[in-house]
Each structure stands twice: as structure tokens, then as C-alpha cells.
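**Student:** File coords.cif follows (mmCIF, C-alpha atoms):
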data_protein
#
loop_
_atom_site.group_PDB
_atom_site.id
_atom_site.type_symbol
_atom_site.label_atom_id
_atom_site.label_comp_id
_atom_site.auth_asym_id
_atom_site.auth_seq_id
_atom_site.Cartn_x
_atom_site.Cartn_y
_atom_site.Cartn_z
ATOM 1 C CA MET A 389 -24.663 -14.412 17.392
ATOM 2 C CA SER A 390 -28.312 -15.100 16.639
ATOM 3 C CA PRO A 391 -30.209 -13.029 14.056
ATOM 4 C CA GLU A 392 -32.372 -11.473 16.773
ATOM 5 C CA ALA A 393 -29.466 -10.263 18.899
ATOM 6 C CA PRO A 394 -28.580 -6.587 18.537
ATOM 7 C CA LEU A 395 -25.126 -5.559 17.420
ATOM 8 C CA SER A 396 -22.664 -4.944 20.200
ATOM 9 C CA ALA A 397 -20.496 -1.835 20.203
ATOM 10 C CA LEU A 398 -17.468 -3.952 19.274
ATOM 11 C CA ASP A 399 -19.287 -5.429 16.285
ATOM 12 C CA LEU A 400 -20.355 -1.968 15.149
ATOM 13 C CA VAL A 401 -16.757 -0.699 15.358
ATOM 14 C CA ALA A 402 -15.609 -3.757 13.394
ATOM 15 C CA LEU A 403 -18.214 -3.098 10.688
ATOM 16 C CA ILE A 404 -17.159 0.539 10.398
ATOM 17 C CA LEU A 405 -13.482 -0.437 10.175
ATOM 18 C CA ILE A 406 -14.220 -2.997 7.467
ATOM 19 C CA LEU A 407 -16.228 -0.424 5.519
ATOM 20 C CA ILE A 408 -13.459 2.194 5.726
ATOM 21 C CA GLY A 409 -10.803 -0.406 4.856
ATOM 22 C CA ALA A 410 -12.794 -1.648 1.882
ATOM 23 C CA VAL A 411 -13.283 1.901 0.603
ATOM 24 C CA LEU A 412 -9.553 2.560 0.901
ATOM 25 C CA CYS A 413 -8.717 -0.650 -0.978
ATOM 26 C CA LEU A 414 -11.276 0.277 -3.641
ATOM 27 C CA THR A 415 -9.754 3.728 -4.088
ATOM 28 C CA ALA A 416 -6.326 2.107 -4.421
ATOM 29 C CA ALA A 417 -7.640 -0.147 -7.191
ATOM 30 C CA ILE A 418 -9.323 2.758 -8.975
ATOM 31 C CA GLY A 419 -6.114 4.786 -8.655
ATOM 32 C CA LEU A 420 -4.121 2.011 -10.309
ATOM 33 C CA LEU A 421 -6.484 2.090 -13.255
ATOM 34 C CA ARG A 422 -6.944 5.844 -13.571
ATOM 35 C CA PHE A 423 -3.546 7.396 -12.843
ATOM 36 C CA ARG A 424 -1.352 7.961 -15.866
ATOM 37 C CA ASP A 425 2.229 7.566 -14.678
ATOM 38 C CA VAL A 426 4.276 5.185 -12.560
ATOM 39 C CA PRO A 427 4.894 7.377 -9.465
ATOM 40 C CA THR A 428 1.218 8.178 -8.944
ATOM 41 C CA ARG A 429 0.240 4.556 -9.544
ATOM 42 C CA LEU A 430 2.810 3.435 -6.993
ATOM 43 C CA HIS A 431 1.376 5.889 -4.490
ATOM 44 C CA ALA A 432 -2.104 4.491 -5.097
ATOM 45 C CA ALA A 433 -0.850 0.918 -4.846
ATOM 46 C CA THR A 434 0.884 1.345 -1.507
ATOM 47 C CA LYS A 435 -0.556 4.041 0.730
ATOM 48 C CA PRO A 436 -4.352 3.519 0.759
ATOM 49 C CA GLN A 437 -4.116 -0.211 0.121
ATOM 50 C CA VAL A 438 -1.884 -0.865 3.129
ATOM 51 C CA LEU A 439 -3.969 1.328 5.422
ATOM 52 C CA GLY A 440 -7.158 -0.369 4.218
ATOM 53 C CA PHE A 441 -5.609 -3.782 4.805
ATOM 54 C CA ILE A 442 -4.562 -2.826 8.332
ATOM 55 C CA LEU A 443 -8.056 -1.542 9.136
ATOM 56 C CA ILE A 444 -9.641 -4.758 7.859
ATOM 57 C CA CYS A 445 -7.220 -6.864 9.913
ATOM 58 C CA LEU A 446 -7.997 -4.762 12.979
ATOM 59 C CA ALA A 447 -11.711 -5.275 12.379
ATOM 60 C CA ILE A 448 -11.216 -9.037 12.108
ATOM 61 C CA ALA A 449 -9.295 -9.070 15.384
ATOM 62 C CA LEU A 450 -12.022 -7.047 17.114
ATOM 63 C CA ALA A 451 -14.867 -9.136 15.728
ATOM 64 C CA LEU A 452 -13.364 -12.521 16.573
ATOM 65 C CA GLU A 453 -12.074 -11.455 20.016
ATOM 66 C CA SER A 454 -9.310 -14.060 20.082
ATOM 67 C CA TRP A 455 -5.650 -13.713 20.973
ATOM 68 C CA ALA A 456 -4.855 -16.506 18.527
ATOM 69 C CA VAL A 457 -6.301 -14.424 15.700
ATOM 70 C CA VAL A 458 -4.313 -11.381 16.827
ATOM 71 C CA ALA A 459 -1.146 -13.494 16.986
ATOM 72 C CA PHE A 460 -1.816 -14.621 13.420
ATOM 73 C CA LEU A 461 -2.670 -11.163 12.051
ATOM 74 C CA VAL A 462 0.264 -9.241 13.545
ATOM 75 C CA PRO A 463 2.929 -10.983 11.414
ATOM 76 C CA VAL A 464 0.691 -10.725 8.359
ATOM 77 C CA VAL A 465 0.396 -6.952 8.830
ATOM 78 C CA LEU A 466 4.132 -6.617 9.500
ATOM 79 C CA VAL A 467 4.981 -8.497 6.308
ATOM 80 C CA GLN A 468 2.596 -6.245 4.382
ATOM 81 C CA LEU A 469 4.192 -3.147 5.914
ATOM 82 C CA ALA A 470 7.635 -4.428 4.947
ATOM 83 C CA THR A 471 6.924 -5.609 1.407
ATOM 84 C CA ALA A 472 4.715 -2.812 0.044
ATOM 85 C CA PRO A 473 7.381 -0.054 0.188
ATOM 86 C CA LEU A 474 10.086 -2.423 -1.042
ATOM 87 C CA SER A 475 8.109 -3.552 -4.046
ATOM 88 C CA ALA A 476 7.120 0.044 -4.850
ATOM 89 C CA HIS A 477 10.766 1.076 -4.663
ATOM 90 C CA ILE A 478 11.841 -1.708 -7.017
ATOM 91 C CA VAL A 479 9.069 -0.947 -9.511
ATOM 92 C CA GLY A 480 9.839 2.788 -9.405
ATOM 93 C CA ARG A 481 13.550 2.216 -9.880
ATOM 94 C CA GLN A 482 12.940 -0.081 -12.837
ATOM 95 C CA ALA A 483 10.544 2.422 -14.393
ATOM 96 C CA TYR A 484 13.260 5.073 -14.043
ATOM 97 C CA ARG A 485 15.810 2.807 -15.715
ATOM 98 C CA ASN A 486 13.389 1.949 -18.536
ATOM 99 C CA GLY A 487 12.712 5.619 -19.147
ATOM 100 C CA THR A 488 8.972 5.343 -18.534
ATOM 101 C CA ILE A 489 9.083 8.149 -15.945
ATOM 102 C CA ASP A 490 8.850 11.688 -17.292
ATOM 103 C CA ARG A 491 12.060 13.166 -15.905
ATOM 104 C CA GLN A 492 10.945 16.759 -16.563
ATOM 105 C CA SER A 493 8.079 16.300 -14.096
ATOM 106 C CA LEU A 494 10.437 15.273 -11.278
ATOM 107 C CA SER A 495 11.200 18.002 -8.772
ATOM 108 C CA MET A 496 14.467 16.307 -7.768
ATOM 109 C CA ASP A 497 16.364 13.626 -9.689
ATOM 110 C CA GLU A 498 18.741 11.875 -7.304
ATOM 111 C CA LEU A 499 19.342 8.977 -9.695
ATOM 112 C CA ALA A 500 20.688 11.106 -12.549
ATOM 113 C CA GLU A 501 24.186 10.880 -11.085
ATOM 114 C CA SER A 502 24.050 7.069 -10.996
ATOM 115 C CA LYS A 503 23.151 6.882 -14.699
ATOM 116 C CA ARG A 504 26.470 8.361 -15.766
ATOM 117 C CA THR A 505 29.306 5.952 -16.518
ATOM 118 C CA PRO A 506 32.311 6.488 -14.262
ATOM 119 C CA PRO A 507 35.504 7.485 -16.149
ATOM 120 C CA ALA A 508 37.370 4.338 -15.089
ATOM 121 C CA ALA A 509 34.555 2.003 -16.151
ATOM 122 C CA GLY A 510 35.705 1.916 -19.762
ATOM 123 C CA GLY A 511 32.269 2.697 -21.176
#
Can you dump the structure from the file as C-alpha cells?

**Tutor:**
Amino acid sequence: MSPEAPLSALDLVALILILIGAVLCLTAAIGLLRFRDVPTRLHAATKPQVLGFILICLAIALALESWAVVAFLVPVVLVQLATAPLSAHIVGRQAYRNGTIDRQSLSMDELAESKRTPPAAGG
């Protein structure tokens, strides 16, 4: 595209998607720095970041208009969708085990039962 050529509608949509995705990723980064406890930080690390990433990938696919790019980006997005909740779950579970989560602030504590030693365990 030459500098004199006007933006096409597809390029404008791609620019808007990149802007929205970048804002979502920025809010995720700010949330990681500003939130005080593990559950809210995990929420900030997964929800807006993944959506922002998907919007940026969609914008790249629209701007480049290539099936090869789409074929490359689809597995990347799927891996991101699979790993973000898993890593958040592992971090949250470890924070619970370490005692860094305020248990009084939890509305439901499903892991309290698993913390007790079974009678036959010898402990």
C-alpha cells in the first residue's frame, strides 16, 4: 500500500481491532500490577489478555488477507486458549496451598475438604 492510497474498510477494521486488543492487553498488565490478591490477579492475567490477543490475531489475519497466515494463527490462538486457564488454575491452586489466599473472602471453599488428612493416611 502506497502512502497516498486511502485506507480500505478491511484495513480500518484491522486497525480498530488492534487498538481494542492492545487496550485489553494493557488493562491486563495494569491489573496484574494493581490488584492485591491472587484470584483478582489471575482474572486480570487471563480474561482480558486472551481476548486482546485473539483480537490482535484476528486483525493480523484481516490485514494480511492470506490463508497461510490464518492457518498459522489458528493453532496459536487455540494453544493460548488452552494454556491460559490451565496455568491460572495451577497458580491459584498453589496459592491456596501456600496460604496466600484469604480464605475468609472466599464465598465457597471447595478445597477445604481436600486439605484434611484422611483417617487411614496415618498423619

**Student:** Between A:Arg422, A:Pro394, A:Thr471, A:Ala402, single out the one closest to Leu452 of chain A, counting all atoms listed in the file.

**Tutor:**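 Between A:Arg422, A:Pro394, A:Thr471, A:Ala402, the residue approaching Leu452 of chain A most closely is A:Ala402.
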
**Student:** With the cut-off set at 12 Å and counting only C-alpha atoms, tabulate each residue of segment 392-430 of chain A with an atom at most that distance from an atom of segment 475-484 of chain A, showing the nearest atom pair and its distance in Å to one decimal, ordered by chain and increasing number, as CSV.

**Tutor:**
residue,atom,partner,partner_atom,distance
A:Asp425,CA,A:Ala483,CA,9.8
A:Val426,CA,A:Gly480,CA,6.8
A:Pro427,CA,A:Gly480,CA,6.7
A:Thr428,CA,A:Gly480,CA,10.2
A:Arg429,CA,A:Ala476,CA,9.5
A:Leu430,CA,A:Ala476,CA,5.9

**Student:** Restrict the selected residues to C-alpha atoms and save them as a compact mmCIF listing (two decimals), keeping the file's coordinate frame.

**Tutor:**
# COMPACT_ATOMS: atom_id res chain seq x y z
CA ASP A 425 2.23 7.57 -14.68
CA VAL A 426 4.28 5.18 -12.56
CA PRO A 427 4.89 7.38 -9.46
CA THR A 428 1.22 8.18 -8.94
CA ARG A 429 0.24 4.56 -9.54
CA LEU A 430 2.81 3.44 -6.99

**Student:** Excluding Ala500 of chain A and residues on its chain fewer than 4 positions from it, collect all residues at most 12 Å away from it, counting all atoms listed in the file, and give them as a list of chain:residue names.

**Tutor:**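 Near neighbours after the sequence-gap exclusion: A:Arg481, A:Tyr484, A:Arg485, A:Gly487, A:Arg491, A:Gln492, A:Leu494, A:Met496, A:Arg504, A:Thr505.
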
**Student:** May I have the residues at most 10 Å from (-4.7, -1.2, 4.1) in the file's coordinates, counting only C-alpha atoms, as a PyMOL selection string?

**Tutor:** chain A and resi 408-413+416+433-445+465+468-469

**Student:** Write the residues of the selection above to a file with C-alpha atoms, as a PDB file, in the frame of the given file.

**Tutor:**
ATOM      1  CA  ILE A 408     -13.459   2.194   5.726  1.00  0.00           C
ATOM      2  CA  GLY A 409     -10.803  -0.406   4.856  1.00  0.00           C
ATOM      3  CA  ALA A 410     -12.794  -1.648   1.882  1.00  0.00           C
ATOM      4  CA  VAL A 411     -13.283   1.901   0.603  1.00  0.00           C
ATOM      5  CA  LEU A 412      -9.553   2.560   0.901  1.00  0.00           C
ATOM      6  CA  CYS A 413      -8.717  -0.650  -0.978  1.00  0.00           C
ATOM      7  CA  ALA A 416      -6.326   2.107  -4.421  1.00  0.00           C
ATOM      8  CA  ALA A 433      -0.850   0.918  -4.846  1.00  0.00           C
ATOM      9  CA  THR A 434       0.884   1.345  -1.507  1.00  0.00           C
ATOM     10  CA  LYS A 435      -0.556   4.041   0.730  1.00  0.00           C
ATOM     11  CA  PRO A 436      -4.352   3.519   0.759  1.00  0.00           C
ATOM     12  CA  GLN A 437      -4.116  -0.211   0.121  1.00  0.00           C
ATOM     13  CA  VAL A 438      -1.884  -0.865   3.129  1.00  0.00           C
ATOM     14  CA  LEU A 439      -3.969   1.328   5.422  1.00  0.00           C
ATOM     15  CA  GLY A 440      -7.158  -0.369   4.218  1.00  0.00           C
ATOM     16  CA  PHE A 441      -5.609  -3.782   4.805  1.00  0.00           C
ATOM     17  CA  ILE A 442      -4.562  -2.826   8.332  1.00  0.00           C
ATOM     18  CA  LEU A 443      -8.056  -1.542   9.136  1.00  0.00           C
ATOM     19  CA  ILE A 444      -9.641  -4.758   7.859  1.00  0.00           C
ATOM     20  CA  CYS A 445      -7.220  -6.864   9.913  1.00  0.00           C
ATOM     21  CA  VAL A 465       0.396  -6.952   8.830  1.00  0.00           C
ATOM     22  CA  GLN A 468       2.596  -6.245   4.382  1.00  0.00           C
ATOM     23  CA  LEU A 469       4.192  -3.147   5.914  1.00  0.00           C
TER      24      LEU A 469
END

**Student:** Hey, can you check how far atom CA of Leu405 of chain A sits from atom CA of Ala470 of chain A?

**Tutor:** 22.1 Å

**Student:** Mind pulling up the distance from atom CA of Leu450 of chain A to atom CA of Asp399 of chain A?

**Tutor:**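 Taking atom CA of Asp399 of chain A and atom CA of Leu450 of chain A, their separation equals 7.5 Å.
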
**Student:** In terms of the shortest atom-to-atom distance over all atoms listed in the file, which of A:Leu461, A:Leu414, A:Leu446, A:Ala451 is closest to Ala397 of chain A?

**Tutor:** A:Ala451

**Student:** Quote the spacing between atom CA of Ala472 of chain A and atom CA of Val458 of chain A in Å to one decimal place.

**Tutor:**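 Answer for the atom CA of Ala472 of chain A to atom CA of Val458 of chain A separation: 20.9 Å.
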